[in-house]
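Q: Please find final-v3.cif (mmCIF, C-alpha atoms) on the next line:
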```cif
data_final
#
loop_
_atom_site.label_atom_id
_atom_site.label_comp_id
_atom_site.auth_asym_id
_atom_site.auth_seq_id
_atom_site.Cartn_x
_atom_site.Cartn_y
_atom_site.Cartn_z
CA MET T 1075 -158.58 -238.15 6.19
CA THR T 1076 -155.10 -237.37 7.45
CA ASP T 1077 -154.07 -240.98 8.04
CA ARG T 1078 -156.68 -242.97 6.09
CA PHE T 1079 -157.20 -243.78 2.43
CA GLU T 1080 -160.63 -244.17 0.85
CA ALA T 1081 -162.16 -246.22 -1.95
CA ASP T 1082 -165.48 -245.74 -3.70
CA TYR T 1083 -167.35 -248.74 -5.10
CA ILE T 1084 -170.55 -249.44 -6.96
CA LEU T 1085 -172.04 -252.43 -5.14
CA GLU T 1086 -174.87 -254.72 -6.23
CA THR T 1087 -176.28 -257.11 -3.64
CA ALA T 1088 -179.38 -259.02 -2.60
CA MET T 1089 -178.55 -258.43 1.08
CA PRO T 1090 -179.24 -255.21 2.95
CA VAL T 1091 -176.64 -252.82 1.56
CA GLU T 1092 -175.43 -251.92 5.07
CA THR T 1093 -174.81 -255.61 5.81
CA ALA T 1094 -172.93 -256.22 2.57
CA ALA T 1095 -170.80 -253.09 3.00
CA ALA T 1096 -169.89 -254.09 6.55
CA THR T 1097 -169.00 -257.60 5.34
CA ILE T 1098 -166.67 -256.16 2.70
CA ALA T 1099 -165.06 -253.82 5.23
CA GLY T 1100 -164.48 -256.70 7.63
CA GLU T 1101 -163.07 -259.01 4.96
CA GLN T 1102 -160.62 -256.35 3.83
CA SER T 1103 -159.38 -255.47 7.29
CA SER T 1104 -159.64 -257.09 10.72
CA GLY T 1105 -162.76 -259.23 10.38
CA THR T 1106 -163.64 -262.66 9.02
CA PHE T 1107 -166.82 -264.68 8.51
CA MET T 1108 -167.18 -265.28 12.27
CA ALA T 1109 -166.10 -263.28 15.29
CA VAL T 1110 -162.72 -264.39 16.62
CA PRO T 1111 -161.31 -263.73 20.10
CA GLY T 1112 -158.42 -261.60 18.91
CA GLU T 1113 -160.58 -258.94 17.27
CA THR T 1114 -160.88 -256.73 20.29
CA GLU T 1115 -162.43 -253.27 20.33
CA ALA T 1116 -158.94 -251.82 20.67
CA LEU T 1117 -157.74 -253.74 17.63
CA LYS T 1118 -160.77 -252.67 15.60
CA ALA T 1119 -160.24 -249.05 16.57
CA ARG T 1120 -156.68 -249.37 15.33
CA SER T 1121 -157.11 -251.41 12.14
CA ALA T 1122 -160.70 -251.97 11.06
CA ALA T 1123 -162.00 -250.57 7.80
CA ARG T 1124 -164.90 -248.13 8.13
CA VAL T 1125 -167.99 -247.77 6.01
CA GLU T 1126 -167.93 -244.02 5.48
CA ARG T 1127 -170.88 -243.48 3.14
CA ILE T 1128 -173.72 -245.37 1.48
CA VAL T 1129 -175.81 -243.84 -1.30
CA ASP T 1130 -178.70 -245.97 -2.52
CA MET T 1131 -178.96 -246.17 -6.32
CA GLY T 1132 -182.14 -248.24 -6.63
CA ASP T 1133 -183.13 -251.69 -7.80
CA VAL T 1134 -181.34 -253.81 -10.39
CA ALA T 1135 -182.68 -256.76 -12.32
CA GLY T 1136 -180.62 -259.46 -10.64
CA PRO T 1137 -177.06 -260.61 -9.96
CA ALA T 1138 -174.60 -259.41 -12.58
CA LEU T 1139 -172.02 -262.00 -11.51
CA PRO T 1140 -172.25 -265.77 -11.01
CA GLY T 1141 -172.02 -267.29 -7.54
CA ALA T 1142 -173.82 -264.50 -5.69
CA ALA T 1143 -175.94 -265.45 -2.69
CA ARG T 1144 -179.74 -265.26 -2.88
CA ALA T 1145 -179.72 -265.02 -6.66
CA ASP T 1146 -183.52 -265.08 -6.85
CA ALA T 1147 -184.05 -262.27 -4.34
CA PRO T 1148 -184.45 -258.58 -5.25
CA HIS T 1149 -181.13 -256.81 -5.80
CA ARG T 1150 -180.10 -253.22 -5.13
CA ARG T 1151 -177.25 -251.06 -6.26
CA ALA T 1152 -175.47 -248.55 -4.03
CA ARG T 1153 -172.41 -246.36 -4.03
CA ILE T 1154 -170.34 -247.15 -0.97
CA THR T 1155 -167.18 -245.58 0.43
CA LEU T 1156 -164.80 -247.52 2.65
CA SER T 1157 -161.70 -246.22 4.41
CA TRP T 1158 -158.66 -247.86 5.98
CA PRO T 1159 -155.94 -246.60 8.29
CA LEU T 1160 -152.64 -246.13 6.51
CA GLY T 1161 -151.10 -248.09 9.37
CA ASN T 1162 -152.59 -251.28 7.89
CA THR T 1163 -150.52 -251.10 4.70
CA GLY T 1164 -147.79 -248.55 5.25
CA ILE T 1165 -146.54 -246.69 2.17
CA SER T 1166 -146.90 -249.77 -0.01
CA LEU T 1167 -148.83 -249.60 -3.27
CA PRO T 1168 -148.89 -253.41 -3.75
CA ASN T 1169 -150.46 -253.84 -0.31
CA ILE T 1170 -152.86 -250.97 -0.85
CA LEU T 1171 -153.95 -252.73 -4.06
CA ALA T 1172 -154.47 -255.97 -2.09
CA THR T 1173 -156.63 -254.01 0.34
CA VAL T 1174 -158.87 -252.07 -2.05
CA ALA T 1175 -159.05 -254.73 -4.79
CA GLY T 1176 -158.51 -258.11 -3.16
CA ASN T 1177 -160.88 -260.83 -1.93
CA LEU T 1178 -163.85 -258.46 -1.81
CA PHE T 1179 -164.69 -259.26 -5.46
CA GLU T 1180 -165.18 -262.92 -4.51
CA LEU T 1181 -167.56 -262.48 -1.57
CA ASN T 1182 -170.92 -264.12 -2.17
CA CYS T 1183 -172.74 -261.09 -0.80
CA VAL T 1184 -171.43 -259.30 -3.87
CA ALA T 1185 -173.58 -259.59 -6.98
CA GLY T 1186 -171.56 -256.82 -8.65
CA LEU T 1187 -168.68 -254.64 -7.46
CA ARG T 1188 -166.68 -251.99 -9.26
CA LEU T 1189 -163.94 -249.81 -7.79
CA SER T 1190 -164.66 -246.31 -9.05
CA ASP T 1191 -162.24 -243.97 -7.25
CA LEU T 1192 -159.45 -243.78 -4.69
CA ARG T 1193 -158.34 -240.96 -2.43
CA PHE T 1194 -155.06 -240.90 -0.57
CA PRO T 1195 -153.64 -238.77 2.26
CA ASP T 1196 -150.90 -236.31 1.40
CA ALA T 1197 -148.38 -238.37 3.36
CA LEU T 1198 -148.85 -241.38 1.08
CA VAL T 1199 -148.76 -239.33 -2.11
CA ALA T 1200 -145.65 -237.45 -1.01
CA ALA T 1201 -143.84 -240.71 -0.15
CA SER T 1202 -144.68 -242.35 -3.51
CA PRO T 1203 -142.49 -241.90 -6.62
CA ARG T 1204 -145.16 -240.12 -8.74
CA PRO T 1205 -144.44 -238.93 -12.32
CA ALA T 1206 -140.86 -237.71 -12.58
CA PHE T 1207 -141.50 -235.86 -15.87
CA GLY T 1208 -145.23 -235.67 -16.58
CA VAL T 1209 -146.43 -232.90 -18.87
CA ASP T 1210 -143.70 -230.32 -18.26
CA GLY T 1211 -140.78 -232.72 -18.47
CA THR T 1212 -142.16 -234.34 -21.61
CA ARG T 1213 -142.53 -230.94 -23.25
CA ASP T 1214 -138.99 -229.96 -22.28
CA LEU T 1215 -137.49 -233.13 -23.76
CA SER T 1216 -139.58 -233.09 -26.94
CA GLY T 1217 -139.40 -229.34 -27.53
CA VAL T 1218 -143.16 -229.19 -28.13
CA GLN T 1219 -144.94 -226.37 -26.30
CA GLY T 1220 -148.50 -225.10 -26.37
CA ARG T 1221 -150.05 -227.93 -28.39
CA PRO T 1222 -150.46 -231.70 -28.22
CA LEU T 1223 -147.55 -233.92 -29.18
CA ILE T 1224 -148.36 -235.59 -32.48
CA GLY T 1225 -147.35 -239.22 -32.26
CA THR T 1226 -147.58 -242.59 -33.91
CA ILE T 1227 -146.95 -246.28 -33.32
CA ILE T 1228 -144.58 -248.41 -35.34
CA LYS T 1229 -146.71 -250.64 -37.58
CA PRO T 1230 -146.79 -253.49 -38.43
CA SER T 1231 -146.84 -254.13 -34.70
CA ILE T 1232 -144.44 -257.04 -34.93
CA GLY T 1233 -142.25 -258.52 -37.63
CA LEU T 1234 -140.08 -255.58 -38.70
CA THR T 1235 -136.35 -255.98 -38.23
CA ALA T 1236 -134.31 -253.35 -36.41
CA GLY T 1237 -133.16 -251.94 -39.74
CA GLU T 1238 -136.68 -251.81 -41.12
CA THR T 1239 -137.85 -250.09 -37.94
CA ALA T 1240 -135.09 -247.50 -38.30
CA ALA T 1241 -136.09 -246.87 -41.92
CA MET T 1242 -139.66 -246.17 -40.81
CA VAL T 1243 -138.39 -243.87 -38.07
CA ASP T 1244 -136.38 -242.00 -40.71
CA LEU T 1245 -139.55 -241.51 -42.74
CA LEU T 1246 -141.54 -240.33 -39.73
CA CYS T 1247 -138.86 -237.94 -38.51
CA ALA T 1248 -138.71 -236.38 -41.96
CA ALA T 1249 -142.51 -236.04 -41.82
CA GLY T 1250 -142.25 -233.85 -38.71
CA ILE T 1251 -143.52 -236.28 -36.07
CA ASP T 1252 -143.04 -235.42 -32.37
CA PHE T 1253 -143.37 -238.83 -30.73
CA ILE T 1254 -142.99 -242.47 -31.80
CA LYS T 1255 -143.59 -245.56 -29.74
CA ASP T 1256 -142.99 -249.27 -30.09
CA ASP T 1257 -146.12 -251.37 -30.21
CA GLU T 1258 -146.68 -253.21 -26.94
CA LEU T 1259 -146.06 -256.51 -28.76
CA GLN T 1260 -142.57 -255.43 -29.84
CA ALA T 1261 -140.13 -255.87 -26.99
CA ASP T 1262 -137.12 -258.18 -27.38
CA GLY T 1263 -137.94 -260.89 -29.88
CA SER T 1264 -135.36 -262.56 -32.10
CA VAL T 1265 -136.60 -260.73 -35.22
CA CYS T 1266 -136.02 -257.32 -33.63
CA PRO T 1267 -133.93 -257.57 -30.46
CA PHE T 1268 -134.17 -254.60 -28.12
CA GLU T 1269 -130.47 -253.70 -28.27
CA ASP T 1270 -130.40 -253.93 -32.05
CA ARG T 1271 -133.47 -251.70 -32.29
CA VAL T 1272 -131.99 -249.02 -30.03
CA HIS T 1273 -128.69 -249.06 -31.92
CA ALA T 1274 -130.50 -248.79 -35.25
CA VAL T 1275 -133.10 -246.16 -34.32
CA MET T 1276 -131.13 -243.69 -32.21
CA PRO T 1277 -128.58 -242.70 -34.91
CA VAL T 1278 -131.52 -241.85 -37.17
CA ILE T 1279 -133.17 -239.70 -34.50
CA LYS T 1280 -129.89 -237.96 -33.68
CA ALA T 1281 -129.14 -237.28 -37.33
CA HIS T 1282 -132.51 -235.60 -37.80
CA ALA T 1283 -132.00 -233.63 -34.58
CA GLU T 1284 -128.66 -232.33 -35.85
CA ARG T 1285 -130.29 -231.13 -39.07
CA THR T 1286 -133.50 -229.68 -37.64
CA GLY T 1287 -132.80 -228.93 -33.99
CA LYS T 1288 -135.75 -231.12 -32.99
CA LYS T 1289 -135.19 -234.46 -31.26
CA VAL T 1290 -138.08 -236.85 -31.75
CA MET T 1291 -139.13 -238.70 -28.59
CA TYR T 1292 -139.14 -242.48 -29.09
CA ALA T 1293 -140.66 -244.71 -26.40
CA PHE T 1294 -138.72 -247.99 -26.54
CA ASN T 1295 -140.71 -250.89 -25.09
CA LEU T 1296 -138.43 -252.34 -22.42
CA THR T 1297 -141.07 -254.56 -20.76
CA GLY T 1298 -139.39 -257.52 -19.08
CA GLU T 1299 -138.04 -258.64 -15.74
CA VAL T 1300 -136.77 -255.92 -13.42
CA ASP T 1301 -133.06 -256.40 -14.15
CA GLU T 1302 -133.79 -256.49 -17.89
CA MET T 1303 -135.79 -253.29 -17.72
CA ARG T 1304 -133.08 -251.46 -15.81
CA ALA T 1305 -130.41 -252.55 -18.28
CA ARG T 1306 -132.57 -251.63 -21.26
CA HIS T 1307 -133.34 -248.22 -19.77
CA ASP T 1308 -129.63 -247.60 -19.29
CA LEU T 1309 -128.92 -248.47 -22.92
CA VAL T 1310 -131.57 -246.02 -24.14
CA LEU T 1311 -130.20 -243.32 -21.86
CA GLN T 1312 -126.62 -243.99 -22.97
CA GLN T 1313 -127.61 -243.79 -26.62
CA GLY T 1314 -129.34 -240.45 -26.13
CA GLY T 1315 -132.95 -241.64 -26.05
CA THR T 1316 -135.59 -239.63 -24.22
CA CYS T 1317 -138.33 -242.13 -23.31
CA VAL T 1318 -138.99 -245.74 -22.37
CA MET T 1319 -142.22 -247.72 -22.33
CA ALA T 1320 -143.57 -250.52 -20.15
CA SER T 1321 -146.77 -252.57 -20.14
CA ALA T 1322 -148.46 -251.99 -16.78
CA ASN T 1323 -150.32 -255.25 -16.41
CA SER T 1324 -147.27 -257.26 -17.50
CA VAL T 1325 -144.71 -255.77 -15.12
CA GLY T 1326 -147.05 -255.11 -12.18
CA LEU T 1327 -146.80 -252.39 -9.57
CA THR T 1328 -143.57 -253.73 -8.09
CA GLY T 1329 -141.92 -253.79 -11.51
CA MET T 1330 -143.10 -250.27 -12.21
CA LEU T 1331 -141.90 -248.99 -8.85
CA ALA T 1332 -138.47 -250.54 -9.38
CA LEU T 1333 -138.24 -249.04 -12.87
CA ARG T 1334 -139.35 -245.57 -11.76
CA ARG T 1335 -136.86 -245.44 -8.90
CA HIS T 1336 -134.09 -246.36 -11.33
CA ALA T 1337 -135.14 -244.43 -14.41
CA GLN T 1338 -133.80 -241.08 -15.53
CA LEU T 1339 -136.22 -240.91 -18.46
CA PRO T 1340 -140.00 -240.51 -18.82
CA ILE T 1341 -141.96 -243.75 -18.55
CA HIS T 1342 -144.70 -244.23 -21.12
CA LEU T 1343 -147.07 -246.71 -19.50
CA HIS T 1344 -149.24 -248.86 -21.76
CA ARG T 1345 -152.48 -250.29 -20.39
CA ASN T 1346 -152.78 -253.36 -22.67
CA GLY T 1347 -155.03 -255.83 -20.90
CA TRP T 1348 -157.21 -253.04 -19.56
CA GLY T 1349 -160.31 -254.71 -20.99
CA TYR T 1350 -160.19 -257.69 -18.64
CA LEU T 1351 -160.13 -255.31 -15.68
CA SER T 1352 -162.91 -253.05 -16.84
CA ARG T 1353 -165.15 -254.32 -19.61
CA HIS T 1354 -167.92 -255.79 -17.45
CA PRO T 1355 -169.79 -252.76 -16.05
CA ALA T 1356 -170.44 -254.47 -12.69
CA LEU T 1357 -166.93 -255.79 -12.08
CA GLY T 1358 -163.38 -254.50 -11.83
CA PHE T 1359 -162.12 -250.94 -12.06
CA ASP T 1360 -163.00 -247.53 -13.34
CA TYR T 1361 -159.96 -245.96 -14.96
CA THR T 1362 -159.90 -243.09 -12.46
CA ALA T 1363 -159.22 -245.51 -9.59
CA TRP T 1364 -156.86 -247.86 -11.45
CA SER T 1365 -154.73 -245.11 -12.96
CA LYS T 1366 -154.11 -243.41 -9.61
CA LEU T 1367 -152.08 -246.41 -8.46
CA TRP T 1368 -149.88 -246.19 -11.55
CA ARG T 1369 -149.55 -242.43 -11.25
CA LEU T 1370 -148.35 -242.89 -7.69
CA ALA T 1371 -145.92 -245.51 -9.00
CA GLY T 1372 -144.48 -242.98 -11.45
CA ALA T 1373 -146.18 -243.17 -14.85
CA ASP T 1374 -145.45 -240.06 -16.94
CA HIS T 1375 -147.79 -240.96 -19.82
CA MET T 1376 -150.84 -243.26 -19.81
CA HIS T 1377 -153.21 -244.38 -22.57
CA VAL T 1378 -156.90 -243.44 -22.48
CA ASN T 1379 -158.08 -244.59 -25.94
CA GLY T 1380 -159.71 -241.77 -27.91
CA LEU T 1381 -162.94 -240.50 -29.38
CA ARG T 1382 -164.64 -242.88 -31.84
CA ASN T 1383 -161.94 -245.45 -31.12
CA LYS T 1384 -161.76 -248.97 -32.53
CA PHE T 1385 -162.36 -250.59 -29.15
CA CYS T 1386 -165.48 -250.89 -26.97
CA GLU T 1387 -164.87 -247.77 -24.88
CA SER T 1388 -167.27 -244.84 -25.10
CA ASP T 1389 -166.15 -241.31 -25.86
CA GLU T 1390 -167.22 -240.11 -22.41
CA SER T 1391 -165.19 -242.86 -20.75
CA SER T 1392 -162.05 -241.84 -22.67
CA LEU T 1393 -162.57 -238.19 -21.79
CA THR T 1394 -163.22 -238.98 -18.12
CA SER T 1395 -159.99 -240.99 -18.09
CA ALA T 1396 -158.01 -238.12 -19.60
CA ARG T 1397 -159.46 -235.60 -17.17
CA SER T 1398 -158.57 -237.83 -14.26
CA LEU T 1399 -154.90 -237.96 -15.33
CA LEU T 1400 -154.79 -234.17 -15.52
CA SER T 1401 -156.28 -233.82 -12.01
CA PRO T 1402 -154.07 -233.57 -8.89
CA LEU T 1403 -153.40 -236.71 -6.87
CA SER T 1404 -153.90 -234.73 -3.67
CA ALA T 1405 -154.12 -231.13 -2.53
CA GLY T 1406 -150.39 -230.85 -1.99
CA ASN T 1407 -149.11 -233.11 -4.77
CA PRO T 1408 -150.33 -232.66 -8.37
CA GLY T 1409 -148.69 -235.80 -9.83
CA ILE T 1410 -150.03 -234.96 -13.30
CA THR T 1411 -149.67 -237.69 -15.94
CA MET T 1412 -149.93 -236.91 -19.66
CA PRO T 1413 -152.88 -238.68 -21.33
CA VAL T 1414 -152.26 -240.51 -24.58
CA PHE T 1415 -155.13 -240.54 -27.06
CA SER T 1416 -154.85 -243.43 -29.51
CA SER T 1417 -156.77 -246.19 -31.29
CA GLY T 1418 -158.25 -245.23 -34.63
CA GLN T 1419 -157.41 -241.54 -34.28
CA THR T 1420 -157.18 -239.18 -37.26
CA ALA T 1421 -157.23 -235.43 -37.79
CA LEU T 1422 -161.03 -235.58 -37.67
CA GLN T 1423 -161.16 -236.37 -33.93
CA ALA T 1424 -158.96 -233.41 -32.98
CA PHE T 1425 -161.85 -230.94 -33.03
CA ASP T 1426 -164.16 -232.92 -30.77
CA THR T 1427 -161.30 -233.85 -28.46
CA TRP T 1428 -160.31 -230.21 -27.98
CA ALA T 1429 -163.92 -229.09 -27.55
CA ALA T 1430 -164.47 -231.65 -24.78
CA LEU T 1431 -161.10 -231.55 -23.01
CA GLN T 1432 -160.01 -227.92 -23.50
CA SER T 1433 -156.39 -228.87 -22.82
CA PRO T 1434 -153.42 -229.29 -25.16
CA ASP T 1435 -151.58 -231.43 -22.59
CA LEU T 1436 -151.78 -234.77 -24.34
CA ILE T 1437 -150.11 -237.05 -26.84
CA PHE T 1438 -152.33 -237.59 -29.88
CA ALA T 1439 -151.13 -240.85 -31.44
CA ALA T 1440 -152.37 -241.93 -34.85
CA GLY T 1441 -151.27 -244.99 -36.83
CA GLY T 1442 -153.40 -245.21 -39.94
CA GLY T 1443 -154.30 -241.56 -39.40
CA ILE T 1444 -150.73 -240.76 -40.42
CA MET T 1445 -149.48 -243.70 -42.47
CA ALA T 1446 -152.64 -244.11 -44.60
CA HIS T 1447 -152.96 -240.42 -45.48
CA ALA T 1448 -153.28 -239.83 -49.22
CA ASP T 1449 -150.13 -237.69 -49.20
CA GLY T 1450 -148.11 -240.14 -47.12
CA PRO T 1451 -146.80 -239.71 -43.57
CA ALA T 1452 -145.82 -236.07 -44.09
CA GLY T 1453 -149.39 -235.29 -45.11
CA GLY T 1454 -150.73 -237.26 -42.18
CA VAL T 1455 -148.59 -235.38 -39.68
CA ARG T 1456 -149.43 -232.04 -41.28
CA SER T 1457 -153.15 -232.83 -41.20
CA LEU T 1458 -152.96 -233.50 -37.45
CA GLN T 1459 -150.91 -230.36 -36.79
CA ASP T 1460 -153.32 -228.23 -38.82
CA ALA T 1461 -156.36 -229.85 -37.22
CA TRP T 1462 -155.19 -229.14 -33.69
CA ALA T 1463 -154.13 -225.58 -34.53
CA ALA T 1464 -157.53 -224.92 -36.09
CA ALA T 1465 -159.45 -226.57 -33.26
CA MET T 1466 -157.59 -224.54 -30.64
CA ALA T 1467 -158.29 -221.38 -32.68
CA GLY T 1468 -162.02 -222.10 -32.61
CA LEU T 1469 -162.46 -223.13 -36.25
CA THR T 1470 -164.58 -226.01 -37.47
CA LEU T 1471 -163.19 -228.91 -39.46
CA GLU T 1472 -164.85 -227.65 -42.62
CA GLN T 1473 -163.45 -224.13 -42.18
CA ALA T 1474 -159.95 -225.43 -41.51
CA ALA T 1475 -159.99 -227.81 -44.46
CA LYS T 1476 -160.40 -224.87 -46.86
CA ASP T 1477 -156.95 -223.58 -45.92
CA SER T 1478 -155.17 -226.89 -45.37
CA PRO T 1479 -154.71 -229.28 -48.31
CA ALA T 1480 -153.47 -231.94 -45.89
CA LEU T 1481 -156.57 -231.61 -43.73
CA ALA T 1482 -158.83 -231.58 -46.78
CA ALA T 1483 -157.20 -234.83 -47.92
CA ALA T 1484 -157.71 -236.32 -44.45
CA LEU T 1485 -161.37 -235.41 -44.63
CA ARG T 1486 -161.70 -237.20 -47.95
CA THR T 1487 -159.76 -240.24 -46.72
CA TYR T 1488 -161.17 -240.69 -43.23
CA GLY T 1489 -164.47 -238.80 -43.33
#
```
Take the structure in the file and write it out as structure tokens.

A:
Amino acid sequence: MTDRFEADYILETAMPVETAAATIAGEQSSGTFMAVPGETEALKARSAARVERIVDMGDVAGPALPGAARADAPHRRARITLSWPLGNTGISLPNILATVAGNLFELNCVAGLRLSDLRFPDALVAASPRPAFGVDGTRDLSGVQGRPLIGTIIKPSIGLTAGETAAMVDLLCAAGIDFIKDDELQADGSVCPFEDRVHAVMPVIKAHAERTGKKVMYAFNLTGEVDEMRARHDLVLQQGGTCVMASANSVGLTGMLALRRHAQLPIHLHRNGWGYLSRHPALGFDYTAWSKLWRLAGADHMHVNGLRNKFCESDESSLTSARSLLSPLSAGNPGITMPVFSSGQTALQAFDTWAALQSPDLIFAAGGGIMAHADGPAGGVRSLQDAWAAAMAGLTLEQAAKDSPALAAALRTYG
């Protein structure tokens, strides 16, 4: 696969699977619904998509999606792999996205279609921005080694002024937090303008760093138009900040690429909107495929939800997502992105998360798991620190709680 990229799909169709796969390949490369004179054998050899593999997965009850042809006929599911020559798209992530996730979802031979994985040649990976900081750079800037970063999200999500946000940051820094992020809803509104927030928060972070030697990483949400994001990044950098955040589905791949090529700080990429791309099991994306595009575009951190989260995602899905971020993009280019566990997380999930993942290379972000702790934010942070230390040492939650008042209080509060 030296000059081709591949995509895996789960296809449901009432047509012969080979026919439907060939139709998809044609639609997404040189073909159309009827043969045209210009599609010569030479052209097809140069530019046509190929059906590389088909694995039958058996019968399904009927069309999962409306508008499919032959809705009353028997339907089958299959795993199919298509490939395209890199010459079709060049080193262009937006055009690769148009190829692997374009009109194929609308074809009437498709009764269900989900993009499950992507594989890229080394040349494409090497020419893409990729994470500039990832795990190692994030650890260097935060000063946290050998364990997960303990993080939180400013709550209420929206409505706090810049001064009120800074006061909360002061409280969290004193509690021993490693990482704080804006909520994805808090960007540059009139109640808390971006510039005001940076100018209010950074003196607090720097003051704590001077006293303790530890500089808390704050991910400022700079989501906006490209010129706005660049200017906001530069302000954070100038004020001594160590992280910025963007909403992937809001800024798009081109916005992310422009930001990554400009940025001198880690980019914390939020996946808000992920549900509309993934929630129907027969349509859209698996996280493994979707996240690879954003990793190539330069995301240093990406959200994966967490175990027993407040959303619809299963534990296994969250763990599969995290493992995918910690897997190399290609044989010659690791491109590792740090997974962010969040959504209803407390000290109680640390044990199961460690047991399943067996890696400390993550950000473990808890909102209520810190702020609602019986002993306040300091107790919440301590409970998470103690939980992860105990989990990594092979202790159970019950064993660890005997020696940690903060963890025992978390067990009473959240258990």

Q: Within 10 Å of T:Ile1128, counting all atoms listed in the file, which residues show up once you throw out same-chain ones fewer than 3 positions away? Write them as a ChimeraX atom specification, please.

A: /T:1082-1085,1091-1092,1095,1125,1131,1152-1156

Q: Between atom CA of T:Leu1215 and atom CA of T:Gly1314, what distance in Å does the model show, to one decimal?

A: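 One can read the atom CA of T:Leu1215 to atom CA of T:Gly1314 distance as 11.2 Å.
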
Q: Hey, what comes out of the PyMOL selection byres ((chain T and resi 1395) around 10) on this file? Could you write it as an MDAnalysis selection string?

A: chainID T and resid 1360:1363 1365 1376:1380 1389:1394 1396:1400 1413

Q: What is the atom CA of T:Gly1237-atom CA of T:Met1276 distance in Å, reported with one decimal?

A: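 Computing it gives 11.4 Å between the two atoms.
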
Q: Taking a cut-off of 12 Å and counting all atoms listed in the file, can you build a table that, for each residue of stretch 1176-1294 of chain T near stretch 1335-1343 of chain T, reports the nearest atom pair and how far apart they are in Å (one decimal), sorted by chain then residue number, as CSV?

A:
```
residue,atom,partner,partner_atom,distance
T:Ser1202,CA,T:Arg1335,CA,10.0
T:Pro1203,CA,T:Arg1335,CA,7.0
T:Arg1204,CA,T:Arg1335,CA,9.9
T:Pro1205,CA,T:Pro1340,CA,8.0
T:Ala1206,CA,T:Pro1340,CA,6.9
T:Phe1207,CA,T:Pro1340,CA,5.7
T:Gly1208,CA,T:Pro1340,CA,7.5
T:Val1209,CA,T:Pro1340,CA,10.0
T:Asp1210,CA,T:Pro1340,CA,10.9
T:Gly1211,CA,T:Pro1340,CA,7.8
T:Thr1212,CA,T:Pro1340,CA,7.1
T:Arg1213,CA,T:Pro1340,CA,10.8
T:Asp1214,CA,T:Pro1340,CA,11.1
T:Leu1215,CA,T:Pro1340,CA,9.2
T:Ser1216,CA,T:Pro1340,CA,11.0
T:Phe1253,CA,T:His1342,CA,11.1
T:Ile1254,CA,T:His1342,CA,11.0
T:Lys1255,CA,T:His1342,CA,8.8
T:Asp1256,CA,T:His1342,CA,10.4
T:Asp1257,CA,T:His1342,CA,11.6
T:Glu1258,CA,T:Leu1343,CA,9.9
T:Met1291,CA,T:Pro1340,CA,10.0
T:Tyr1292,CA,T:His1342,CA,9.9
T:Ala1293,CA,T:His1342,CA,6.7
T:Phe1294,CA,T:His1342,CA,8.9
```

Q: Might you pull out every residue within 8 Å of T:Val1184, with all atoms listed in the file counted and same-chain residues fewer than 2 positions away left off, and present them as a list in words?

A: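 Skipping anything fewer than 2 positions along the chain leaves Leu1085, Glu1086, Thr1087, Ala1094, Ala1142, Ala1143, Leu1178, Phe1179, Glu1180, Leu1181, Asn1182, Gly1186 and Leu1187 of chain T.
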
Q: Give me a file of those residues, with C-alpha atoms, as a compact mmCIF listing (two decimals), in the frame of the given file.

A:
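And here's result_25.txt as it stands now:
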```txt
# COMPACT_ATOMS: atom_id res chain seq x y z
CA LEU T 1085 -172.04 -252.43 -5.14
CA GLU T 1086 -174.87 -254.72 -6.23
CA THR T 1087 -176.28 -257.11 -3.64
CA ALA T 1094 -172.93 -256.22 2.57
CA ALA T 1142 -173.82 -264.50 -5.69
CA ALA T 1143 -175.94 -265.45 -2.69
CA LEU T 1178 -163.85 -258.46 -1.81
CA PHE T 1179 -164.69 -259.26 -5.46
CA GLU T 1180 -165.18 -262.92 -4.51
CA LEU T 1181 -167.56 -262.48 -1.57
CA ASN T 1182 -170.92 -264.12 -2.17
CA GLY T 1186 -171.56 -256.82 -8.65
CA LEU T 1187 -168.68 -254.64 -7.46
```

Q: Within 7 Å of T:Ser1457, counting only C-alpha atoms, which residues show up once you throw out same-chain ones fewer than 6 positions away? Write them as a list of chain:residue names, please.

A: T:Ala1421, T:Ala1480, T:Leu1481, T:Ala1484

Q: Under the PyMOL selection byres ((chain T and resi 1244) around 12), which residues of this model are included? Write them out as a PyMOL selection string.

A: chain T and resi 1228+1237-1243+1245-1251+1254+1274-1283+1290+1292+1451-1452

Q: For T:Pro1148, which residue among T:Tyr1488, T:Leu1167, T:Glu1284, T:Ala1088 is the nearest when counting all atoms listed in the file?

A: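 When distances to T:Pro1148 are compared using all atoms listed in the file, the smallest one comes from T:Ala1088.
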
Q: Let me make sure I understand: among T:Ala1482, T:Glu1472, T:Thr1328, T:Ala1464, which one has the smallest atom-to-atom distance to T:Asp1449 if we use all atoms listed in the file?

A: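 Residue with the minimum atom-to-atom distance to T:Asp1449: T:Ala1482.
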
Q: Using all atoms listed in the file, which of the listed residues (T:Thr1470, T:Ser1321, T:Gln1102, T:Ser1417) sits closest to T:Cys1386?

A: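 Result for the nearest residue to T:Cys1386: T:Ser1417.
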
Q: How many Å separate atom CA of T:Leu1296 from atom CA of T:Ala1175?

A: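 Atom CA of T:Ala1175 lies at a distance of 27.2 Å from atom CA of T:Leu1296.
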
Q: For T:Ala1147, which of T:Met1089, T:Gly1132, T:Gln1260, T:Arg1353 is the closest residue, counting all atoms listed in the file?

A: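 Of all the options, T:Met1089 lies closest to T:Ala1147.
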
Q: Selection in question (the file shown): the PyMOL selection byres ((chain T and resi 1346-1348) around 8). Which residues does it include, as a list of chain:residue names?

A: T:Glu1258, T:Ser1321, T:Ala1322, T:Asn1323, T:His1344, T:Arg1345, T:Gly1349, T:Tyr1350, T:Leu1351, T:Ser1352
